[in-house]
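Asker: What follows is start39.txt; its format and atoms are compact mmCIF, C-alpha atoms.
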# COMPACT_ATOMS: atom_id res chain seq x y z
CA MET S 1 58.11 32.53 93.64
CA SER S 2 61.55 32.95 95.13
CA THR S 3 64.09 35.40 93.85
CA ILE S 4 67.84 35.24 93.34
CA THR S 5 70.39 37.92 92.64
CA MET S 6 71.88 38.25 89.20
CA ALA S 7 75.22 37.13 90.67
CA GLU S 8 73.53 33.95 91.91
CA ALA S 9 71.81 33.55 88.54
CA LEU S 10 75.17 33.57 86.78
CA ALA S 11 76.40 30.75 89.03
CA VAL S 12 73.15 28.81 88.67
CA ARG S 13 73.19 29.12 84.88
CA ALA S 14 76.77 27.83 84.78
CA ALA S 15 75.80 24.91 87.04
CA MET S 16 72.81 24.13 84.82
CA ASN S 17 75.03 24.16 81.75
CA ARG S 18 77.48 21.74 83.39
CA LEU S 19 74.60 19.49 84.46
CA ILE S 20 73.14 19.42 80.94
CA ASN S 21 76.55 18.46 79.54
CA GLN S 22 76.97 15.72 82.14
CA LEU S 23 73.50 14.36 81.40
CA MET S 24 74.20 14.36 77.67
CA GLN S 25 77.33 12.32 78.32
CA GLU S 26 75.38 9.96 80.57
CA ARG S 27 72.73 9.56 77.87
CA LEU S 28 75.40 8.66 75.32
CA ASN S 29 76.98 6.20 77.76
CA ASN S 30 73.60 4.59 78.47
CA SER S 31 72.44 4.50 74.85
CA SER S 32 74.13 1.26 73.88
CA THR S 33 76.37 -1.54 75.04
CA ILE S 34 78.54 -4.16 73.42
CA ILE S 35 77.82 -7.83 74.10
CA GLU S 36 78.86 -11.14 72.68
CA LYS S 37 76.39 -13.18 70.71
CA GLY S 38 74.03 -15.00 73.04
CA GLU S 39 74.67 -12.70 76.02
CA THR S 40 72.02 -10.49 77.52
CA ALA S 41 72.70 -6.76 77.60
CA GLU S 42 73.00 -5.17 81.02
CA VAL S 43 70.41 -2.41 81.16
CA PRO S 44 71.59 0.80 82.91
CA ALA S 45 69.67 2.00 85.95
CA ARG S 46 68.61 5.16 84.08
CA SER S 47 67.17 4.83 80.59
CA VAL S 48 67.89 7.14 77.67
CA ASP S 49 64.26 8.31 77.81
CA VAL S 50 64.48 9.24 81.51
CA ILE S 51 67.74 11.13 80.96
CA THR S 52 66.28 12.90 77.91
CA GLU S 53 63.29 14.07 79.99
CA GLU S 54 65.68 15.40 82.62
CA ILE S 55 67.75 17.22 79.97
CA ASP S 56 64.57 18.72 78.50
CA ALA S 57 63.41 19.96 81.92
CA ILE S 58 66.75 21.53 82.81
CA SER S 59 67.06 23.03 79.32
CA ALA S 60 63.65 24.67 79.74
CA ASP S 61 64.75 26.10 83.11
CA TYR S 62 68.01 27.28 81.51
CA ARG S 63 66.16 29.12 78.75
CA LYS S 64 63.79 30.72 81.26
CA LEU S 65 66.67 31.84 83.47
CA ASP S 66 68.64 33.11 80.47
CA LEU S 67 65.64 35.19 79.34
CA LEU S 68 65.10 36.61 82.84
CA MET S 69 68.78 37.53 83.01
CA ALA S 70 68.63 39.23 79.62
CA ILE S 71 65.54 41.20 80.66
CA SER S 72 67.26 42.26 83.86
CA ASN S 73 70.41 43.28 81.99
CA THR S 74 68.35 45.44 79.62
CA THR S 75 66.29 47.11 82.35
CA GLU S 76 68.78 47.54 85.22
CA THR S 77 70.99 50.58 84.85
CA ILE S 78 74.21 51.89 86.30
CA SER S 79 75.54 55.42 86.36
CA TRP S 80 78.52 55.84 84.04
CA ASN S 81 80.09 59.10 82.85
CA ASP S 82 77.18 61.23 84.05
CA THR S 83 74.54 59.09 82.33
CA ASN S 84 72.62 55.91 83.02
CA ILE S 85 73.38 52.89 80.86
CA THR S 86 71.91 49.41 81.00
CA VAL S 87 73.97 46.63 82.51
CA MET S 88 73.98 44.97 79.09
CA GLU S 89 75.51 48.07 77.52
CA ALA S 90 77.99 48.30 80.39
CA ILE S 91 79.08 44.68 79.83
CA GLU S 92 79.64 45.35 76.12
CA LEU S 93 81.46 48.60 76.91
CA ALA S 94 83.77 46.75 79.31
CA LYS S 95 84.57 44.18 76.59
CA GLN S 96 85.33 46.95 74.11
CA MET S 97 87.47 48.78 76.65
CA ARG S 98 89.50 45.62 77.36
CA ASN S 99 90.13 45.21 73.63
CA GLU S 100 91.21 48.84 73.43
CA ILE S 101 93.52 48.39 76.43
CA GLY S 102 95.29 45.58 74.60
CA GLN S 103 95.80 47.75 71.54
CA LEU S 104 96.96 50.72 73.62
CA ALA S 105 99.42 48.48 75.49
CA ASN S 106 100.92 47.24 72.22
CA LEU S 107 101.29 50.78 70.94
CA GLY S 108 102.68 51.93 74.29
CA TYR S 109 105.44 49.31 74.36
CA ARG S 110 106.85 50.28 70.98
CA LYS S 111 109.98 52.34 70.76
CA LYS S 112 109.83 55.80 69.19
CA LEU S 113 112.70 54.84 66.88
CA GLU S 114 113.84 51.29 66.28
CA ARG S 115 116.62 50.12 64.00
CA GLN S 116 115.61 47.51 61.44
CA SER S 117 117.77 45.10 59.52
CA SER S 118 120.05 46.53 56.85
CA ARG S 119 119.11 46.37 53.21
CA GLY S 120 121.12 45.95 50.06
CA HIS S 121 123.70 43.41 49.03
CA ASP S 122 126.44 45.12 51.01
CA GLY S 123 124.21 46.22 53.93
CA SER S 124 124.76 49.87 53.07
CA VAL S 125 121.16 50.94 53.72
CA THR S 126 120.00 51.05 57.33
CA LEU S 127 116.27 51.16 57.94
CA PHE S 128 114.44 52.53 60.96
CA ASN S 129 110.90 51.94 62.14
CA VAL S 130 109.62 55.31 63.35
CA ALA S 131 106.51 55.50 65.53
CA LEU S 132 104.21 58.20 64.21
CA TYR S 133 102.78 58.85 67.68
CA ASP S 134 104.01 59.16 71.25
CA PRO S 135 104.28 55.64 72.77
CA GLU S 136 104.45 57.01 76.31
CA ALA S 137 101.13 58.80 75.82
CA TYR S 138 99.56 55.54 74.69
CA GLN S 139 101.02 53.73 77.69
CA ALA S 140 99.44 56.34 79.96
CA ALA S 141 96.14 56.12 78.07
CA GLY S 142 96.17 52.32 78.51
CA ARG S 143 96.74 52.64 82.25
CA LYS S 144 93.94 55.21 82.52
CA LYS S 145 91.54 52.99 80.57
CA GLU S 146 92.52 50.02 82.76
CA ARG S 147 91.42 51.99 85.83
CA GLU S 148 88.18 52.95 84.07
CA VAL S 149 87.32 49.36 83.09
CA THR S 150 88.09 48.22 86.64
CA LYS S 151 85.62 50.81 87.95
CA LEU S 152 83.02 49.83 85.34
CA SER S 153 83.44 46.13 86.18
CA SER S 154 82.98 46.97 89.84
CA LEU S 155 79.73 48.81 89.07
CA ILE S 156 78.48 45.84 87.02
CA GLU S 157 79.39 43.47 89.85
CA HIS S 158 77.60 45.71 92.35
CA ALA S 159 74.49 45.74 90.15
CA ASN S 160 74.65 41.94 89.84
CA HIS S 161 74.61 41.59 93.62
CA HIS S 162 71.63 43.93 94.04
CA SER S 163 69.49 43.12 91.01
CA ARG S 164 66.98 40.36 91.75
CA ILE S 165 65.08 38.10 89.37
CA SER S 166 62.15 35.79 90.06
CA PHE S 167 63.43 32.28 89.62
CA ASP S 168 63.26 29.17 91.79
CA ALA S 169 66.83 27.88 91.82
CA THR S 170 66.42 25.39 94.66
CA LYS S 171 66.99 22.44 92.28
CA TYR S 172 70.37 23.84 91.30
CA MET S 173 71.70 25.49 94.48
Translate the structure of the given file into structure tokens.
Answerer:
Amino acid sequence: MSTITMAEALAVRAAMNRLINQLMQERLNNSSTIIEKGETAEVPARSVDVITEEIDAISADYRKLDLLMAISNTTETISWNDTNITVMEAIELAKQMRNEIGQLANLGYRKKLERQSSRGHDGSVTLFNVALYDPEAYQAAGRKKEREVTKLSSLIEHANHHSRISFDATKYM
């Protein structure tokens, strides 16, 4: 059996997904027609049954490829922070880091002291929003984490180009 890289598998899986969606639309389009009484329906070149068989075959290949990719992602490792982690864990870590970067950026863009609207019927009370942390430190932490997630993503990408799985993708590439 031929092999493909994980990077190729990602592209093939996306192509298979698009193909399944296109075939489902074709099946819907070919499932019925509107005619006037007494007319004969024009039968499409491809029947619903033929399209369904094709969808079933591609869906089976999709599930097989998805399983092989999951197995690879749970067995292939990358070195991160002086330890080996699976690619699957690295992908989840990168997602979590990106979420954290967004939060750090929001905290980093706040002002240490910001005047709020006045309160009271005569506006005699002035309110301030005071940050209970150092926004500049959070800005710096966000930039540092951004560099870290870029490095982690690069390691994942490298692993995807070197990890191989046994799958015949000739029908889809």
Asker: For range 159-171 of chain S, take all atoms listed in the file, fit an axis-aligned box around them, add 3 Å to each of the six sides, then output centre and edge lengths in Å rounded to one decimal, as JSON.
Answerer:
{"center_x": 68.4, "center_y": 34.1, "center_z": 92.0, "size_x": 18.5, "size_y": 29.3, "size_z": 11.3}
Asker: Find, counting only C-alpha atoms, the residue in S:Gln25, S:Asn160, S:Thr33, S:Ser124 that gets nearest to Ile91 in chain S.
Answerer: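 Going through S:Gln25, S:Asn160, S:Thr33, S:Ser124 one by one, the smallest distance to Ile91 in chain S is for S:Asn160.
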Asker: For His162 in chain S, which residue among S:Gln96, S:Ser2, S:Thr77, S:Asn29 is the nearest when counting only C-alpha atoms?
Answerer: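 Result for the nearest residue to His162 in chain S: S:Thr77.
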Asker: List the residues sitting within 12 Å of (80.4, 44.5, 89.5) in the file's frame, using all atoms listed in the file, as a list in words.
Answerer: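 Residues close enough to count: Met6, Ala7, Ile78, Val87, Ala90, Ile91, Ala94, Val149, Thr150, Lys151, Leu152, Ser153, Ser154, Leu155, Ile156, Glu157, His158, Ala159, Asn160, His161, His162 and Ser163 of chain S.
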Asker: Might you pull out every residue within 7 Å of range 129-142 of chain S, with all atoms listed in the file counted and same-chain residues fewer than 4 positions away left off, and present them as a ChimeraX atom specification?
Answerer: /S:101,104-105,107-116,146
Asker: For Val48 in chain S, which residue out of S:Leu23, S:Glu148, S:Asp61, S:Leu67 is the nearest one, using only C-alpha atoms?
Answerer: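 Counting only C-alpha atoms, the residue closest to Val48 in chain S is S:Leu23.
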Asker: Taking all atoms listed in the file into account, which of S:Ile58, S:Arg18, S:Thr86, S:His121 comes nearest Lys171 in chain S?
Answerer: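 When distances to Lys171 in chain S are compared using all atoms listed in the file, the smallest one comes from S:Ile58.
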Asker: Take CA of Glu89 in chain S and CA of Ala169 in chain S and report the distance between them in Å, one decimal.
Answerer: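 It comes out at 26.2 Å.
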Asker: Please measure the separation of CA of Ala70 in chain S and CA of Glu53 in chain S, giving the value in Å to one decimal.
Answerer: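 Result for CA of Ala70 in chain S versus CA of Glu53 in chain S: 25.7 Å, one decimal.
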Asker: Expressed in Å to a single decimal, how great is the separation between CA of Thr74 in chain S and CA of Met16 in chain S?
Answerer: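 Atom-to-atom, CA of Thr74 in chain S to CA of Met16 in chain S, that is 22.4 Å.
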Asker: Can you put N, CA and C atoms back into range 154-172 of chain S and show it as a PDB file, in the coordinates of the input?
Answerer:
ATOM      1  N   SER S 154      83.438  46.912  88.452  1.00  0.00           N
ATOM      2  CA  SER S 154      82.980  46.970  89.840  1.00  0.00           C
ATOM      3  C   SER S 154      81.514  47.397  89.916  1.00  0.00           C
ATOM      4  N   LEU S 155      81.128  48.368  89.096  1.00  0.00           N
ATOM      5  CA  LEU S 155      79.730  48.810  89.070  1.00  0.00           C
ATOM      6  C   LEU S 155      78.804  47.702  88.550  1.00  0.00           C
ATOM      7  N   ILE S 156      79.261  46.967  87.546  1.00  0.00           N
ATOM      8  CA  ILE S 156      78.480  45.840  87.020  1.00  0.00           C
ATOM      9  C   ILE S 156      78.323  44.781  88.099  1.00  0.00           C
ATOM     10  N   GLU S 157      79.421  44.472  88.764  1.00  0.00           N
ATOM     11  CA  GLU S 157      79.390  43.470  89.850  1.00  0.00           C
ATOM     12  C   GLU S 157      78.439  43.907  90.963  1.00  0.00           C
ATOM     13  N   HIS S 158      78.492  45.171  91.315  1.00  0.00           N
ATOM     14  CA  HIS S 158      77.600  45.710  92.350  1.00  0.00           C
ATOM     15  C   HIS S 158      76.138  45.545  91.915  1.00  0.00           C
ATOM     16  N   ALA S 159      75.857  45.882  90.667  1.00  0.00           N
ATOM     17  CA  ALA S 159      74.490  45.740  90.150  1.00  0.00           C
ATOM     18  C   ALA S 159      74.061  44.273  90.176  1.00  0.00           C
ATOM     19  N   ASN S 160      74.979  43.365  89.841  1.00  0.00           N
ATOM     20  CA  ASN S 160      74.650  41.940  89.840  1.00  0.00           C
ATOM     21  C   ASN S 160      74.323  41.410  91.225  1.00  0.00           C
ATOM     22  N   HIS S 161      74.881  42.029  92.244  1.00  0.00           N
ATOM     23  CA  HIS S 161      74.610  41.590  93.620  1.00  0.00           C
ATOM     24  C   HIS S 161      73.344  42.225  94.191  1.00  0.00           C
ATOM     25  N   HIS S 162      72.825  43.256  93.531  1.00  0.00           N
ATOM     26  CA  HIS S 162      71.630  43.930  94.040  1.00  0.00           C
ATOM     27  C   HIS S 162      70.395  43.700  93.168  1.00  0.00           C
ATOM     28  N   SER S 163      70.603  43.382  91.921  1.00  0.00           N
ATOM     29  CA  SER S 163      69.490  43.120  91.010  1.00  0.00           C
ATOM     30  C   SER S 163      68.929  41.729  91.303  1.00  0.00           C
ATOM     31  N   ARG S 164      67.618  41.638  91.424  1.00  0.00           N
ATOM     32  CA  ARG S 164      66.980  40.360  91.750  1.00  0.00           C
ATOM     33  C   ARG S 164      66.049  39.953  90.608  1.00  0.00           C
ATOM     34  N   ILE S 165      65.998  38.653  90.365  1.00  0.00           N
ATOM     35  CA  ILE S 165      65.080  38.100  89.370  1.00  0.00           C
ATOM     36  C   ILE S 165      64.254  36.997  90.003  1.00  0.00           C
ATOM     37  N   SER S 166      63.044  36.823  89.528  1.00  0.00           N
ATOM     38  CA  SER S 166      62.150  35.790  90.060  1.00  0.00           C
ATOM     39  C   SER S 166      62.456  34.463  89.386  1.00  0.00           C
ATOM     40  N   PHE S 167      63.105  33.590  90.131  1.00  0.00           N
ATOM     41  CA  PHE S 167      63.430  32.280  89.620  1.00  0.00           C
ATOM     42  C   PHE S 167      63.675  31.346  90.790  1.00  0.00           C
ATOM     43  N   ASP S 168      63.070  30.164  90.739  1.00  0.00           N
ATOM     44  CA  ASP S 168      63.260  29.170  91.790  1.00  0.00           C
ATOM     45  C   ASP S 168      64.467  28.317  91.434  1.00  0.00           C
ATOM     46  N   ALA S 169      65.573  28.569  92.113  1.00  0.00           N
ATOM     47  CA  ALA S 169      66.830  27.880  91.820  1.00  0.00           C
ATOM     48  C   ALA S 169      67.138  26.766  92.806  1.00  0.00           C
ATOM     49  N   THR S 170      66.156  26.372  93.614  1.00  0.00           N
ATOM     50  CA  THR S 170      66.420  25.390  94.660  1.00  0.00           C
ATOM     51  C   THR S 170      66.919  24.047  94.108  1.00  0.00           C
ATOM     52  N   LYS S 171      66.526  23.709  92.876  1.00  0.00           N
ATOM     53  CA  LYS S 171      66.990  22.440  92.280  1.00  0.00           C
ATOM     54  C   LYS S 171      68.456  22.492  91.897  1.00  0.00           C
ATOM     55  N   TYR S 172      69.015  23.686  91.814  1.00  0.00           N
ATOM     56  CA  TYR S 172      70.370  23.840  91.300  1.00  0.00           C
ATOM     57  C   TYR S 172      71.344  24.441  92.303  1.00  0.00           C
TER      58      TYR S 172
END
